[in-house]
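Peer 1: Next comes upload_26.txt, compact mmCIF, C-alpha atoms:
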```
# COMPACT_ATOMS: atom_id res chain seq x y z
CA MET A 41 11.04 -0.86 20.47
CA HIS A 42 7.43 -0.29 19.45
CA SER A 43 7.23 -3.20 17.08
CA ASP A 44 5.00 -4.85 19.67
CA LEU A 45 2.11 -3.61 17.54
CA VAL A 46 1.19 -6.40 15.15
CA ILE A 47 -0.82 -6.07 11.96
CA ALA A 48 -2.94 -9.15 11.34
CA ARG A 49 -3.33 -10.01 7.68
CA ALA A 50 -6.30 -12.24 8.43
CA ASP A 51 -8.06 -9.49 10.38
CA GLY A 52 -9.77 -8.04 7.32
CA ARG A 53 -10.05 -4.53 8.76
CA PRO A 54 -7.94 -1.74 7.26
CA MET A 55 -4.40 -1.54 8.64
CA TYR A 56 -4.91 1.97 10.02
CA VAL A 57 -7.91 0.78 12.07
CA GLN A 58 -5.87 -2.07 13.55
CA ILE A 59 -3.06 0.31 14.42
CA MET A 60 -5.48 2.77 16.08
CA GLU A 61 -7.01 0.03 18.15
CA GLN A 62 -3.68 -1.34 19.33
CA ILE A 63 -2.39 2.11 20.24
CA LYS A 64 -5.55 2.69 22.30
CA GLN A 65 -4.99 -0.62 24.07
CA ARG A 66 -1.38 0.32 24.81
CA ILE A 67 -2.56 3.62 26.25
CA ALA A 68 -5.40 2.01 28.22
CA VAL A 69 -3.03 -0.38 30.01
CA GLY A 70 -0.35 2.27 30.48
CA ASP A 71 2.31 0.84 28.13
CA TRP A 72 2.10 4.22 26.42
CA PRO A 73 1.76 6.55 29.43
CA ARG A 74 -0.56 9.55 29.39
CA GLY A 75 1.06 12.83 28.45
CA GLU A 76 4.20 11.05 27.16
CA GLU A 77 5.77 11.37 23.74
CA ILE A 78 4.92 8.67 21.24
CA PRO A 79 7.03 7.52 18.26
CA SER A 80 7.05 9.78 15.22
CA ILE A 81 4.96 8.67 12.26
CA ARG A 82 8.06 7.69 10.31
CA GLN A 83 9.64 5.82 13.24
CA LEU A 84 6.53 3.74 13.74
CA ALA A 85 6.22 3.13 9.98
CA VAL A 86 9.78 1.80 9.86
CA SER A 87 9.44 -0.38 12.95
CA LEU A 88 6.17 -1.93 11.73
CA SER A 89 7.21 -2.05 8.02
CA VAL A 90 3.95 -0.28 7.19
CA SER A 91 3.63 2.72 4.87
CA VAL A 92 4.06 6.20 6.31
CA ILE A 93 0.68 7.26 4.96
CA THR A 94 -1.10 4.50 6.87
CA ILE A 95 0.47 5.51 10.20
CA LYS A 96 -0.23 9.16 9.36
CA ARG A 97 -3.89 8.33 8.90
CA ALA A 98 -4.05 6.37 12.17
CA TYR A 99 -2.45 9.31 14.02
CA LEU A 100 -4.83 11.82 12.39
CA GLU A 101 -7.86 9.80 13.42
CA LEU A 102 -6.49 9.30 16.94
CA GLU A 103 -5.96 13.02 17.17
CA ARG A 104 -9.49 13.72 15.96
CA GLU A 105 -10.80 11.40 18.66
CA GLY A 106 -8.76 13.14 21.35
CA VAL A 107 -6.52 10.17 22.07
CA ILE A 108 -3.25 11.83 21.09
CA ILE A 109 -2.19 15.43 20.69
CA THR A 110 -0.02 16.81 17.94
CA GLN A 111 1.27 20.35 17.99
CA HIS A 112 2.83 21.65 14.85
CA GLY A 113 6.52 20.84 14.64
CA LYS A 114 6.55 18.90 17.91
CA PRO A 115 6.43 15.18 18.63
CA SER A 116 2.94 13.74 19.21
CA ARG A 117 1.95 12.86 22.77
CA VAL A 118 -0.68 10.79 24.46
CA ALA A 119 -3.45 13.15 25.66
CA ALA A 120 -3.55 13.84 29.41
CA GLU A 121 -7.14 12.54 29.48
CA PRO A 122 -7.33 10.35 26.39
CA ASN A 123 -10.78 9.59 25.11
CA LEU A 124 -10.55 5.83 24.64
CA THR A 125 -14.17 4.82 24.35
CA SER A 126 -16.64 6.89 22.33
CA HIS A 127 -15.62 6.05 18.83
CA ASP A 128 -14.82 2.45 19.63
CA HIS A 129 -18.46 1.71 20.35
CA ALA A 130 -19.70 3.51 17.27
CA ALA A 131 -17.26 1.60 15.08
CA ASP A 132 -18.14 -1.67 16.80
CA LEU A 133 -21.82 -1.02 16.24
CA ALA A 134 -21.30 -0.27 12.56
CA HIS A 135 -19.28 -3.47 12.21
CA HIS A 136 -21.82 -5.63 13.99
CA VAL A 137 -24.80 -4.16 12.16
CA THR A 138 -23.11 -5.08 8.89
CA GLU A 139 -22.46 -8.57 10.22
CA VAL A 140 -26.07 -8.94 11.40
CA ALA A 141 -27.33 -7.87 7.98
CA ARG A 142 -25.04 -10.36 6.30
CA LEU A 143 -26.05 -13.25 8.55
CA ALA A 144 -29.72 -12.37 8.18
CA ALA A 145 -29.34 -12.52 4.42
CA LEU A 146 -27.47 -15.80 4.73
CA ILE A 147 -30.34 -17.49 6.58
CA GLY A 148 -32.92 -15.70 4.43
CA LEU A 149 -34.40 -13.57 7.19
CA SER A 150 -36.80 -10.96 5.84
CA HIS A 151 -36.38 -7.27 6.54
CA ASP A 152 -39.38 -7.27 8.88
CA ASP A 153 -38.25 -10.39 10.74
CA LEU A 154 -34.85 -8.86 11.27
CA ASN A 155 -36.42 -5.68 12.62
CA ALA A 156 -38.60 -7.74 14.96
CA ARG A 157 -35.57 -9.65 16.25
CA LEU A 158 -33.76 -6.39 16.95
CA HIS A 159 -36.81 -5.07 18.81
CA ASP A 160 -36.96 -8.20 20.92
CA ALA A 161 -33.27 -7.98 21.76
CA THR A 162 -33.60 -4.33 22.78
CA ASP A 163 -36.64 -5.11 24.96
CA GLN A 164 -34.87 -8.05 26.56
CA LEU A 165 -31.91 -5.83 27.44
CA LYS A 166 -34.23 -3.26 29.04
CA LYS A 167 -35.86 -5.96 31.19
CA GLU A 168 -32.51 -7.33 32.33
CA GLN A 169 -31.26 -3.96 33.45
CA PRO A 170 -32.29 -2.95 36.97
CA MET B 221 3.33 18.19 -3.65
CA THR B 222 6.13 20.47 -4.65
CA ASP B 223 9.11 18.41 -3.59
CA LEU B 224 9.43 15.62 -6.13
CA ALA B 225 12.20 13.06 -6.44
CA ALA B 226 11.06 12.25 -9.96
CA ARG B 227 8.49 13.35 -12.46
CA LEU B 228 7.34 11.84 -15.74
CA GLU B 229 5.16 14.06 -17.89
CA GLY B 230 3.33 12.88 -20.98
CA VAL B 231 5.96 10.22 -21.54
CA GLY B 232 5.62 7.93 -24.53
CA LYS B 233 7.67 5.24 -26.19
CA SER B 234 6.81 3.25 -29.28
CA TYR B 235 8.05 -0.21 -30.11
CA PRO B 236 6.84 -2.30 -33.04
CA HIS B 237 4.60 -4.39 -30.75
CA PHE B 238 4.18 -2.20 -27.71
CA ILE B 239 3.35 1.45 -27.06
CA LEU B 240 3.74 3.32 -23.81
CA LYS B 241 1.20 6.14 -23.89
CA ASP B 242 1.03 9.51 -22.16
CA LEU B 243 2.55 8.42 -18.88
CA ASN B 244 2.30 10.85 -15.95
CA LEU B 245 3.90 9.89 -12.68
CA GLU B 246 5.19 11.89 -9.72
CA LEU B 247 7.31 10.49 -6.90
CA PRO B 248 7.11 12.79 -3.85
CA THR B 249 10.34 12.91 -1.85
CA GLY B 250 10.21 10.63 1.19
CA SER B 251 7.47 8.40 -0.17
CA VAL B 252 7.17 4.80 -1.35
CA THR B 253 5.36 4.25 -4.63
CA GLY B 254 4.12 0.80 -5.59
CA PHE B 255 3.86 0.11 -9.28
CA ILE B 256 1.48 -2.70 -10.20
CA GLY B 257 0.83 -4.28 -13.56
CA ARG B 258 0.58 -7.57 -15.34
CA ASN B 259 3.51 -9.05 -17.26
CA GLY B 260 4.13 -6.91 -20.32
CA ALA B 261 2.03 -3.98 -19.05
CA GLY B 262 4.96 -1.56 -19.31
CA LYS B 263 6.36 -1.55 -15.76
CA SER B 264 9.92 -2.41 -16.70
CA THR B 265 9.92 -0.05 -19.69
CA THR B 266 8.75 2.80 -17.46
CA ILE B 267 11.40 1.98 -14.88
CA ARG B 268 14.09 1.80 -17.55
CA ILE B 269 13.02 5.20 -18.89
CA LEU B 270 13.26 6.59 -15.38
CA MET B 271 16.77 5.13 -15.09
CA GLY B 272 17.81 6.56 -18.46
CA LEU B 273 18.38 3.02 -19.78
CA VAL B 274 15.64 3.44 -22.39
CA HIS B 275 15.13 6.77 -24.17
CA HIS B 276 11.54 8.00 -24.41
CA ASP B 277 10.16 9.33 -27.72
CA ARG B 278 7.75 11.87 -26.20
CA GLY B 279 7.30 13.86 -22.99
CA SER B 280 9.80 14.79 -20.29
CA VAL B 281 11.46 12.93 -17.44
CA THR B 282 13.11 14.68 -14.50
CA VAL B 283 14.91 12.67 -11.83
CA LEU B 284 16.43 14.30 -8.74
CA GLY B 285 16.29 17.62 -10.56
CA GLN B 286 18.10 16.26 -13.65
CA ALA B 287 16.54 15.97 -17.10
CA MET B 288 16.71 12.41 -18.36
CA PRO B 289 18.27 10.85 -20.28
CA MET B 290 20.73 13.72 -21.01
CA ARG B 291 21.75 14.32 -17.40
CA GLN B 292 21.59 10.70 -16.28
CA ALA B 293 25.20 10.59 -15.12
CA ALA B 294 24.46 13.31 -12.55
CA ALA B 295 21.15 11.73 -11.49
CA LYS B 296 22.60 8.25 -11.16
CA ARG B 297 25.09 9.27 -8.52
CA ASP B 298 22.13 9.31 -6.15
CA MET B 299 20.02 6.53 -7.64
CA GLY B 300 20.05 2.87 -6.73
CA PHE B 301 18.58 0.28 -9.07
CA VAL B 302 17.77 -3.36 -8.48
CA SER B 303 16.10 -5.50 -11.11
CA GLU B 304 15.23 -9.15 -11.52
CA ASP B 305 17.96 -9.72 -14.08
CA MET B 306 20.75 -8.20 -12.03
CA ARG B 307 24.14 -8.42 -13.62
CA LEU B 308 26.43 -9.36 -10.81
CA TYR B 309 29.70 -11.03 -11.81
CA LYS B 310 29.11 -14.70 -11.17
CA ALA B 311 32.74 -15.57 -10.52
CA ALA B 312 33.33 -12.67 -8.13
CA THR B 313 32.45 -12.57 -4.44
CA LEU B 314 30.11 -10.20 -2.62
CA ALA B 315 33.21 -8.62 -1.04
CA TRP B 316 34.60 -7.89 -4.52
CA HIS B 317 31.34 -6.25 -5.53
CA MET B 318 31.27 -4.14 -2.39
CA GLU B 319 34.81 -2.95 -2.97
CA PHE B 320 34.04 -2.14 -6.58
CA ILE B 321 30.95 -0.09 -5.75
CA GLN B 322 32.75 1.65 -2.92
CA SER B 323 35.43 2.74 -5.40
CA VAL B 324 32.81 4.30 -7.69
CA PHE B 325 30.37 5.80 -5.18
CA PRO B 326 31.76 8.00 -2.40
CA THR B 327 28.49 7.73 -0.44
CA TRP B 328 29.11 4.01 0.25
CA ASP B 329 28.40 3.17 3.91
CA GLN B 330 30.43 0.10 4.88
CA ALA B 331 29.02 -0.07 8.41
CA TYR B 332 25.51 -0.25 6.98
CA ALA B 333 26.65 -2.83 4.42
CA ASP B 334 27.98 -4.98 7.28
CA THR B 335 24.69 -4.63 9.18
CA LEU B 336 22.69 -5.66 6.12
CA MET B 337 25.05 -8.55 5.39
CA LYS B 338 24.42 -9.94 8.86
CA ARG B 339 20.68 -9.36 8.67
CA PHE B 340 20.40 -10.87 5.18
CA ASP B 341 22.55 -13.83 6.21
CA LEU B 342 25.09 -13.22 3.44
CA GLN B 343 28.79 -14.09 3.41
CA ALA B 344 31.24 -11.59 1.90
CA ALA B 345 33.56 -14.37 0.73
CA HIS B 346 30.92 -16.30 -1.25
CA PRO B 347 31.12 -16.12 -5.04
CA ILE B 348 27.83 -14.92 -6.57
CA LYS B 349 27.43 -18.10 -8.65
CA GLY B 350 26.92 -20.19 -5.51
CA LEU B 351 24.04 -18.07 -4.24
CA SER B 352 20.35 -18.91 -4.41
CA HIS B 353 17.91 -16.56 -6.17
CA GLY B 354 16.85 -15.06 -2.85
CA GLN B 355 20.47 -14.52 -1.78
CA ARG B 356 21.26 -12.83 -5.10
CA VAL B 357 18.33 -10.46 -4.72
CA LYS B 358 19.42 -9.62 -1.19
CA ALA B 359 23.04 -9.15 -2.34
CA ALA B 360 21.93 -6.74 -5.08
CA LEU B 361 19.71 -4.89 -2.66
CA LEU B 362 22.56 -4.61 -0.18
CA LEU B 363 24.83 -3.18 -2.89
CA ALA B 364 22.17 -0.60 -3.74
CA LEU B 365 21.11 0.30 -0.18
CA ALA B 366 24.61 0.71 1.25
CA ARG B 367 25.22 3.51 -1.24
CA ARG B 368 22.46 5.40 0.59
CA PRO B 369 20.81 6.53 -2.66
CA LYS B 370 18.27 9.37 -2.67
CA LEU B 371 16.06 7.43 -5.07
CA LEU B 372 15.82 3.67 -4.96
CA VAL B 373 14.20 2.02 -7.97
CA LEU B 374 13.35 -1.66 -7.72
CA ASP B 375 11.94 -3.82 -10.47
CA GLU B 376 10.12 -6.76 -8.86
CA PRO B 377 12.36 -6.95 -5.78
CA THR B 378 10.23 -9.52 -3.96
CA THR B 379 9.38 -11.83 -6.87
CA GLY B 380 10.52 -15.38 -6.22
CA LEU B 381 11.55 -14.74 -2.62
CA ASP B 382 10.56 -17.04 0.22
CA PRO B 383 8.34 -15.47 2.91
CA VAL B 384 11.20 -14.81 5.32
CA ALA B 385 13.37 -13.17 2.67
CA ARG B 386 10.39 -11.05 1.54
CA HIS B 387 9.86 -9.89 5.08
CA GLU B 388 13.56 -8.97 5.38
CA VAL B 389 13.52 -7.08 2.09
CA LEU B 390 10.40 -5.06 2.96
CA ALA B 391 11.85 -4.17 6.36
CA ALA B 392 15.10 -3.02 4.73
CA LEU B 393 13.17 -0.85 2.27
CA MET B 394 11.18 0.81 5.04
CA GLU B 395 14.37 1.35 6.99
CA ALA B 396 15.84 3.16 3.99
CA ILE B 397 13.08 5.78 4.10
CA ALA B 398 13.50 6.39 7.84
CA ASP B 399 15.46 9.29 6.38
CA GLU B 400 12.71 11.38 4.80
CA SER B 401 14.90 12.69 2.02
CA ARG B 402 14.87 9.24 0.42
CA THR B 403 12.33 7.94 -2.05
CA ILE B 404 11.41 4.49 -3.35
CA LEU B 405 9.67 3.26 -6.48
CA PHE B 406 9.12 -0.46 -6.71
CA SER B 407 7.18 -2.63 -9.10
CA SER B 408 5.59 -5.83 -7.98
CA GLN B 409 3.17 -8.55 -8.87
CA ASN B 410 2.62 -9.05 -5.18
CA THR B 411 -0.19 -6.70 -4.25
CA LEU B 412 0.16 -7.56 -0.55
CA ASP B 413 3.71 -6.18 -0.50
CA VAL B 414 2.57 -3.05 -2.28
CA GLU B 415 -0.42 -2.61 0.01
CA GLN B 416 1.79 -2.94 3.06
CA ILE B 417 4.54 -0.41 2.39
CA SER B 418 3.33 1.98 -0.34
CA ASP B 419 2.16 5.53 0.25
CA GLN B 420 1.15 5.88 -3.36
CA ILE B 421 -0.10 3.27 -5.78
CA THR B 422 -0.03 3.26 -9.57
CA PHE B 423 -1.66 0.65 -11.82
CA ILE B 424 -0.39 0.24 -15.34
CA ASP B 425 -2.05 -1.83 -18.05
CA LYS B 426 -1.31 -2.11 -21.77
CA GLY B 427 1.13 0.78 -21.66
CA ARG B 428 -1.23 3.19 -19.89
CA ILE B 429 -1.64 4.24 -16.29
CA VAL B 430 -5.16 3.15 -15.38
CA GLU B 431 -5.26 4.29 -11.74
CA SER B 432 -2.94 6.26 -9.52
CA GLY B 433 -3.16 7.83 -6.09
CA ASN B 434 -2.65 7.97 -2.36
CA LYS B 435 -3.08 4.45 -0.95
CA GLU B 436 -5.44 5.33 1.88
CA GLU B 437 -7.76 7.35 -0.38
CA PHE B 438 -7.50 4.61 -2.94
CA LEU B 439 -8.64 1.86 -0.58
CA ASP B 440 -11.37 4.16 0.77
CA ARG B 441 -12.84 4.84 -2.65
CA TRP B 442 -13.44 1.18 -3.46
CA ARG B 443 -16.31 -0.78 -1.94
CA ARG B 444 -18.32 -3.85 -2.79
CA PHE B 445 -22.08 -3.70 -2.22
CA ARG B 446 -24.17 -6.81 -1.65
CA LEU B 447 -27.67 -5.90 -2.69
CA ASP B 448 -31.02 -7.59 -2.26
CA VAL B 449 -33.03 -6.53 -5.29
CA PRO B 450 -36.75 -7.42 -4.96
CA ARG B 451 -38.60 -8.61 -8.06
CA GLY B 452 -39.62 -5.62 -10.10
CA ALA B 453 -36.93 -3.31 -8.73
CA SER B 454 -33.91 -2.52 -10.84
CA VAL B 455 -30.42 -1.52 -9.75
CA PRO B 456 -29.81 2.18 -10.47
CA VAL B 457 -26.55 2.94 -12.21
CA LEU B 458 -24.52 5.03 -9.77
CA PRO B 459 -21.23 6.82 -10.55
CA GLY B 460 -18.17 4.60 -10.65
CA THR B 461 -20.09 1.36 -10.30
CA MET B 462 -19.34 -1.80 -12.20
CA GLY B 463 -20.98 -5.17 -12.06
CA PRO B 464 -18.28 -7.82 -12.03
CA GLY B 465 -20.38 -9.90 -14.41
CA VAL B 466 -21.86 -12.19 -11.78
CA ASN B 467 -25.38 -10.83 -11.78
CA PRO B 468 -27.55 -12.85 -14.14
CA PRO B 469 -30.58 -10.83 -15.28
CA GLY B 470 -33.49 -11.08 -12.86
CA SER B 471 -31.45 -12.46 -9.97
CA ARG B 472 -32.31 -11.20 -6.54
CA LEU B 473 -28.86 -10.99 -4.96
CA ASN B 474 -26.57 -8.61 -6.80
CA VAL B 475 -22.97 -7.62 -6.27
CA VAL B 476 -21.84 -4.18 -7.35
CA VAL B 477 -18.36 -2.69 -7.04
CA THR B 478 -17.67 1.05 -7.04
CA ASN B 479 -14.50 3.09 -7.20
CA ARG B 480 -16.27 6.24 -6.03
CA PHE B 481 -17.80 5.16 -2.77
CA GLU B 482 -19.96 7.58 -0.78
CA MET B 483 -22.43 6.85 1.99
CA SER B 484 -25.11 8.59 -0.09
CA MET B 485 -25.08 5.57 -2.40
CA VAL B 486 -26.79 3.55 0.31
CA ALA B 487 -29.71 6.00 0.31
CA ALA B 488 -29.84 5.90 -3.48
CA TYR B 489 -30.18 2.10 -3.45
CA GLN B 490 -32.76 2.21 -0.67
CA ALA B 491 -34.78 4.79 -2.61
CA ALA B 492 -34.90 2.29 -5.47
CA GLY B 493 -36.41 -0.31 -3.12
CA ILE B 494 -33.16 -2.23 -2.74
CA THR B 495 -31.75 -3.51 0.55
CA VAL B 496 -28.03 -3.03 1.06
CA GLN B 497 -26.95 -6.19 2.83
CA ALA B 498 -23.29 -5.41 3.16
CA ILE B 499 -20.65 -2.89 2.21
CA GLU B 500 -17.21 -4.47 2.05
CA PRO B 501 -13.75 -2.99 1.51
CA LEU B 502 -11.66 -4.55 -1.26
CA THR B 503 -8.09 -5.74 -1.09
CA LEU B 504 -5.62 -4.12 -3.44
CA GLU B 505 -5.52 -7.35 -5.42
CA GLU B 506 -9.30 -7.29 -5.92
CA ILE B 507 -9.13 -3.63 -6.90
CA PHE B 508 -6.39 -4.31 -9.43
CA VAL B 509 -8.17 -7.26 -11.01
CA THR B 510 -11.45 -5.34 -11.16
CA THR B 511 -9.76 -2.33 -12.71
CA VAL B 512 -8.03 -4.33 -15.42
CA MET B 513 -11.08 -6.49 -16.16
CA SER B 514 -13.46 -3.53 -16.32
CA LYS B 515 -11.16 -1.67 -18.70
CA LYS B 516 -11.11 -4.75 -20.86
CA GLU B 517 -14.90 -4.93 -20.97
CA GLY B 518 -15.32 -1.16 -21.06
CA ALA B 519 -17.82 -1.70 -18.27
CA THR B 520 -17.05 1.31 -16.08
CA GLN B 521 -19.99 3.68 -15.88
```
Take the structure I supplied and represent it as structure tokens, if you would.
Peer 2:
Amino acid sequence: MHSDLVIARADGRPMYVQIMEQIKQRIAVGDWPRGEEIPSIRQLAVSLSVSVITIKRAYLELEREGVIITQHGKPSRVAAEPNLTSHDHAADLAHHVTEVARLAALIGLSHDDLNARLHDATDQLKKEQP
Amino acid sequence: MTDLAARLEGVGKSYPHFILKDLNLELPTGSVTGFIGRNGAGKSTTIRILMGLVHHDRGSVTVLGQAMPMRQAAAKRDMGFVSEDMRLYKAATLAWHMEFIQSVFPTWDQAYADTLMKRFDLQAAHPIKGLSHGQRVKAALLLALARRPKLLVLDEPTTGLDPVARHEVLAALMEAIADESRTILFSSQNTLDVEQISDQITFIDKGRIVESGNKEEFLDRWRRFRLDVPRGASVPVLPGTMGPGVNPPGSRLNVVVTNRFEMSMVAAYQAAGITVQAIEPLTLEEIFVTTVMSKKEGATQ
């Protein structure tokens, strides 16, 4: 019933990251209601045909971020007030910074030029904001 | 891990042209272990030792609490084995095979066999000789799975299968370990299959285990750095790094792979005047190829 999570081979990000993101989306839109039980690690592993250890890792990280709650010996639940944002942005930033560095290298942008471009973009954003 | 379905300790086997050396392998109960190696690396020999089909010269093998090969009869009651060269009777039907196995193994689950037969698109009345390779693999897997074995050992179960059949087989394997008292070891050339369903990964090459560990930690340890090395700067040799042989001397853009990734490596490169342009994760296939190639060149630092 939870096989609506789909791992994309072409995504390139680790499977556990994709699973975390999709669970957060399910929670955000209410498909996985707040405070409700979620599938056990093994159940989800079987329904997605993904290793137990990968789901375990996704659940551990989600727990660390305050998205789900696991009490020893009990089924995991969605947190009453799940924190769905903070880490997302940090991870996004890390991803985009890597991409920017790669593209800069691709077009032969120097370190200083890249820094200058970033400065400009930050200034521009400040101006645009009221 | 204390609860092990199988354990190989210091296992060795010598043939005139091949030696299996000091093999250590543990299969935690409830886990899936993926066994990766090139042709002739020793995967099948290891699996046959585990099954008691080949007797090891050195070391000890314990399977489901039974010492192998002496106690293999007891161990095999709860072991299922599927290999590429499965010996099903060509003239007999799948129904005949099911009946035969049911008569030998009291744990046979006919309802589950029926479910699998439907899912695998198999007909009980078909003689084995009329089946395609994929259908034969699925038939053999059905015969093994419906016994509900505690330990399922599969030698190249997905080799030569079409994408749909592979998908069905992987799903059936994962379903088998929905019960956490069951354990799977499977060998494969297909690193994608291994990456998808394994909890633990073991690489074997030339009769030796060259890498082994928890899949998540494994993938986390390996990274590829893309470095911009200014003229005059040189790339410091950091732990676990190996150049894949694509960095001609004096070139500015360098690629370095490590199997002991830490964020502190970025600082170490920067301190040497080098810009880290990108840090990329590796696929299991890339990790395997790099491992085998670097062992060949003795290039690991």
Peer 1: Could you check which of B:Leu390, B:Leu284, B:Leu372, B:Leu362 is closest to chain A, using all atoms listed in the file?
Peer 2: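 The shortest atom-to-atom distance to chain A comes from B:Leu390.
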Peer 1: Sorted by chain and rising residue number, list the residues of chain B at most 8 Å from chain A (counting all atoms listed in the file), each with its closest atom pair and distance in Å to one decimal, as JSON lines.
Peer 2:
```
{"residue": "B:Ser251", "atom": "CA", "partner": "A:Val92", "partner_atom": "CA", "distance": 7.6}
{"residue": "B:Val252", "atom": "CA", "partner": "A:Ser91", "partner_atom": "CA", "distance": 7.5}
{"residue": "B:Leu390", "atom": "CA", "partner": "A:Ser89", "partner_atom": "CA", "distance": 6.7}
{"residue": "B:Ala391", "atom": "CA", "partner": "A:Ser89", "partner_atom": "CA", "distance": 5.4}
{"residue": "B:Met394", "atom": "CA", "partner": "A:Val86", "partner_atom": "CA", "distance": 5.1}
{"residue": "B:Glu395", "atom": "CA", "partner": "A:Val86", "partner_atom": "CA", "distance": 5.4}
{"residue": "B:Ile397", "atom": "CA", "partner": "A:Val86", "partner_atom": "CA", "distance": 7.7}
{"residue": "B:Ala398", "atom": "CA", "partner": "A:Arg82", "partner_atom": "CA", "distance": 6.1}
{"residue": "B:Gln416", "atom": "CA", "partner": "A:Val90", "partner_atom": "CA", "distance": 5.4}
{"residue": "B:Ile417", "atom": "CA", "partner": "A:Ser91", "partner_atom": "CA", "distance": 4.1}
{"residue": "B:Ser418", "atom": "CA", "partner": "A:Ser91", "partner_atom": "CA", "distance": 5.3}
{"residue": "B:Asp419", "atom": "CA", "partner": "A:Ile93", "partner_atom": "CA", "distance": 5.2}
{"residue": "B:Lys435", "atom": "CA", "partner": "A:Ile93", "partner_atom": "CA", "distance": 7.5}
{"residue": "B:Glu436", "atom": "CA", "partner": "A:Thr94", "partner_atom": "CA", "distance": 6.7}
{"residue": "B:Gln497", "atom": "CA", "partner": "A:Ala141", "partner_atom": "CA", "distance": 5.4}
{"residue": "B:Ala498", "atom": "CA", "partner": "A:Thr138", "partner_atom": "CA", "distance": 5.7}
{"residue": "B:Ile499", "atom": "CA", "partner": "A:Thr138", "partner_atom": "CA", "distance": 7.4}
```
Peer 1: Let me see the file: selected residues, C-alpha atoms, as a PDB file, in the coordinates of the input.
Peer 2:
```pdb
ATOM      1  CA  SER B 251       7.470   8.400  -0.170  1.00  0.00           C
ATOM      2  CA  VAL B 252       7.170   4.800  -1.350  1.00  0.00           C
ATOM      3  CA  LEU B 390      10.400  -5.060   2.960  1.00  0.00           C
ATOM      4  CA  ALA B 391      11.850  -4.170   6.360  1.00  0.00           C
ATOM      5  CA  MET B 394      11.180   0.810   5.040  1.00  0.00           C
ATOM      6  CA  GLU B 395      14.370   1.350   6.990  1.00  0.00           C
ATOM      7  CA  ILE B 397      13.080   5.780   4.100  1.00  0.00           C
ATOM      8  CA  ALA B 398      13.500   6.390   7.840  1.00  0.00           C
ATOM      9  CA  GLN B 416       1.790  -2.940   3.060  1.00  0.00           C
ATOM     10  CA  ILE B 417       4.540  -0.410   2.390  1.00  0.00           C
ATOM     11  CA  SER B 418       3.330   1.980  -0.340  1.00  0.00           C
ATOM     12  CA  ASP B 419       2.160   5.530   0.250  1.00  0.00           C
ATOM     13  CA  LYS B 435      -3.080   4.450  -0.950  1.00  0.00           C
ATOM     14  CA  GLU B 436      -5.440   5.330   1.880  1.00  0.00           C
ATOM     15  CA  GLN B 497     -26.950  -6.190   2.830  1.00  0.00           C
ATOM     16  CA  ALA B 498     -23.290  -5.410   3.160  1.00  0.00           C
ATOM     17  CA  ILE B 499     -20.650  -2.890   2.210  1.00  0.00           C
TER      18      ILE B 499
END
```
Peer 1: For a test of reading the model, state the distance in Å between CA of Leu363 in chain B and CA of Gln286 in chain B, rounded to one decimal.
Peer 2: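 Here the two named atoms are 23.2 Å from each other.
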Peer 1: If you count all atoms listed in the file, which residues fall within 10 Å of Arg227 in chain B, apart from same-chain ones fewer than 3 positions away, as number ranges by chain?
Peer 2: B: 224, 230-231, 244-248, 270, 280-285, 287
Peer 1: Write a file of the just-selected residues containing C-alpha atoms, as a PDB file, keeping the file's coordinate frame.
Peer 2:
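So the final result, stored in again.pdb, reads:
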```pdb
ATOM      1  CA  LEU B 224       9.430  15.620  -6.130  1.00  0.00           C
ATOM      2  CA  GLY B 230       3.330  12.880 -20.980  1.00  0.00           C
ATOM      3  CA  VAL B 231       5.960  10.220 -21.540  1.00  0.00           C
ATOM      4  CA  ASN B 244       2.300  10.850 -15.950  1.00  0.00           C
ATOM      5  CA  LEU B 245       3.900   9.890 -12.680  1.00  0.00           C
ATOM      6  CA  GLU B 246       5.190  11.890  -9.720  1.00  0.00           C
ATOM      7  CA  LEU B 247       7.310  10.490  -6.900  1.00  0.00           C
ATOM      8  CA  PRO B 248       7.110  12.790  -3.850  1.00  0.00           C
ATOM      9  CA  LEU B 270      13.260   6.590 -15.380  1.00  0.00           C
ATOM     10  CA  SER B 280       9.800  14.790 -20.290  1.00  0.00           C
ATOM     11  CA  VAL B 281      11.460  12.930 -17.440  1.00  0.00           C
ATOM     12  CA  THR B 282      13.110  14.680 -14.500  1.00  0.00           C
ATOM     13  CA  VAL B 283      14.910  12.670 -11.830  1.00  0.00           C
ATOM     14  CA  LEU B 284      16.430  14.300  -8.740  1.00  0.00           C
ATOM     15  CA  GLY B 285      16.290  17.620 -10.560  1.00  0.00           C
ATOM     16  CA  ALA B 287      16.540  15.970 -17.100  1.00  0.00           C
TER      17      ALA B 287
END
```
Peer 1: Could you tell me how far CA of Leu133 in chain A sits from CA of Met462 in chain B, in Å to one decimal place?
Peer 2: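 Pair CA of Met462 in chain B / CA of Leu133 in chain A returns 28.6 Å.
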Peer 1: In Å, how far is it from CA of Gly254 in chain B to CA of Phe438 in chain B?
Peer 2: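 A separation of 12.5 Å between them.
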Peer 1: With a distance cut-off of 8 Å and only C-alpha atoms, select the neighbouring residues of range 104-106 of chain A, excluding the residue or stretch itself and same-chain residues fewer than 2 positions from it, and output the selection as a compact mmCIF listing (two decimals) with C-alpha atoms, in the coordinates of the input.
Peer 2:
```txt
# COMPACT_ATOMS: atom_id res chain seq x y z
CA LEU A 100 -4.83 11.82 12.39
CA GLU A 101 -7.86 9.80 13.42
CA LEU A 102 -6.49 9.30 16.94
CA ILE A 108 -3.25 11.83 21.09
CA ILE A 109 -2.19 15.43 20.69
CA ALA A 119 -3.45 13.15 25.66
CA PRO A 122 -7.33 10.35 26.39
CA ASN A 123 -10.78 9.59 25.11
CA HIS A 127 -15.62 6.05 18.83
```
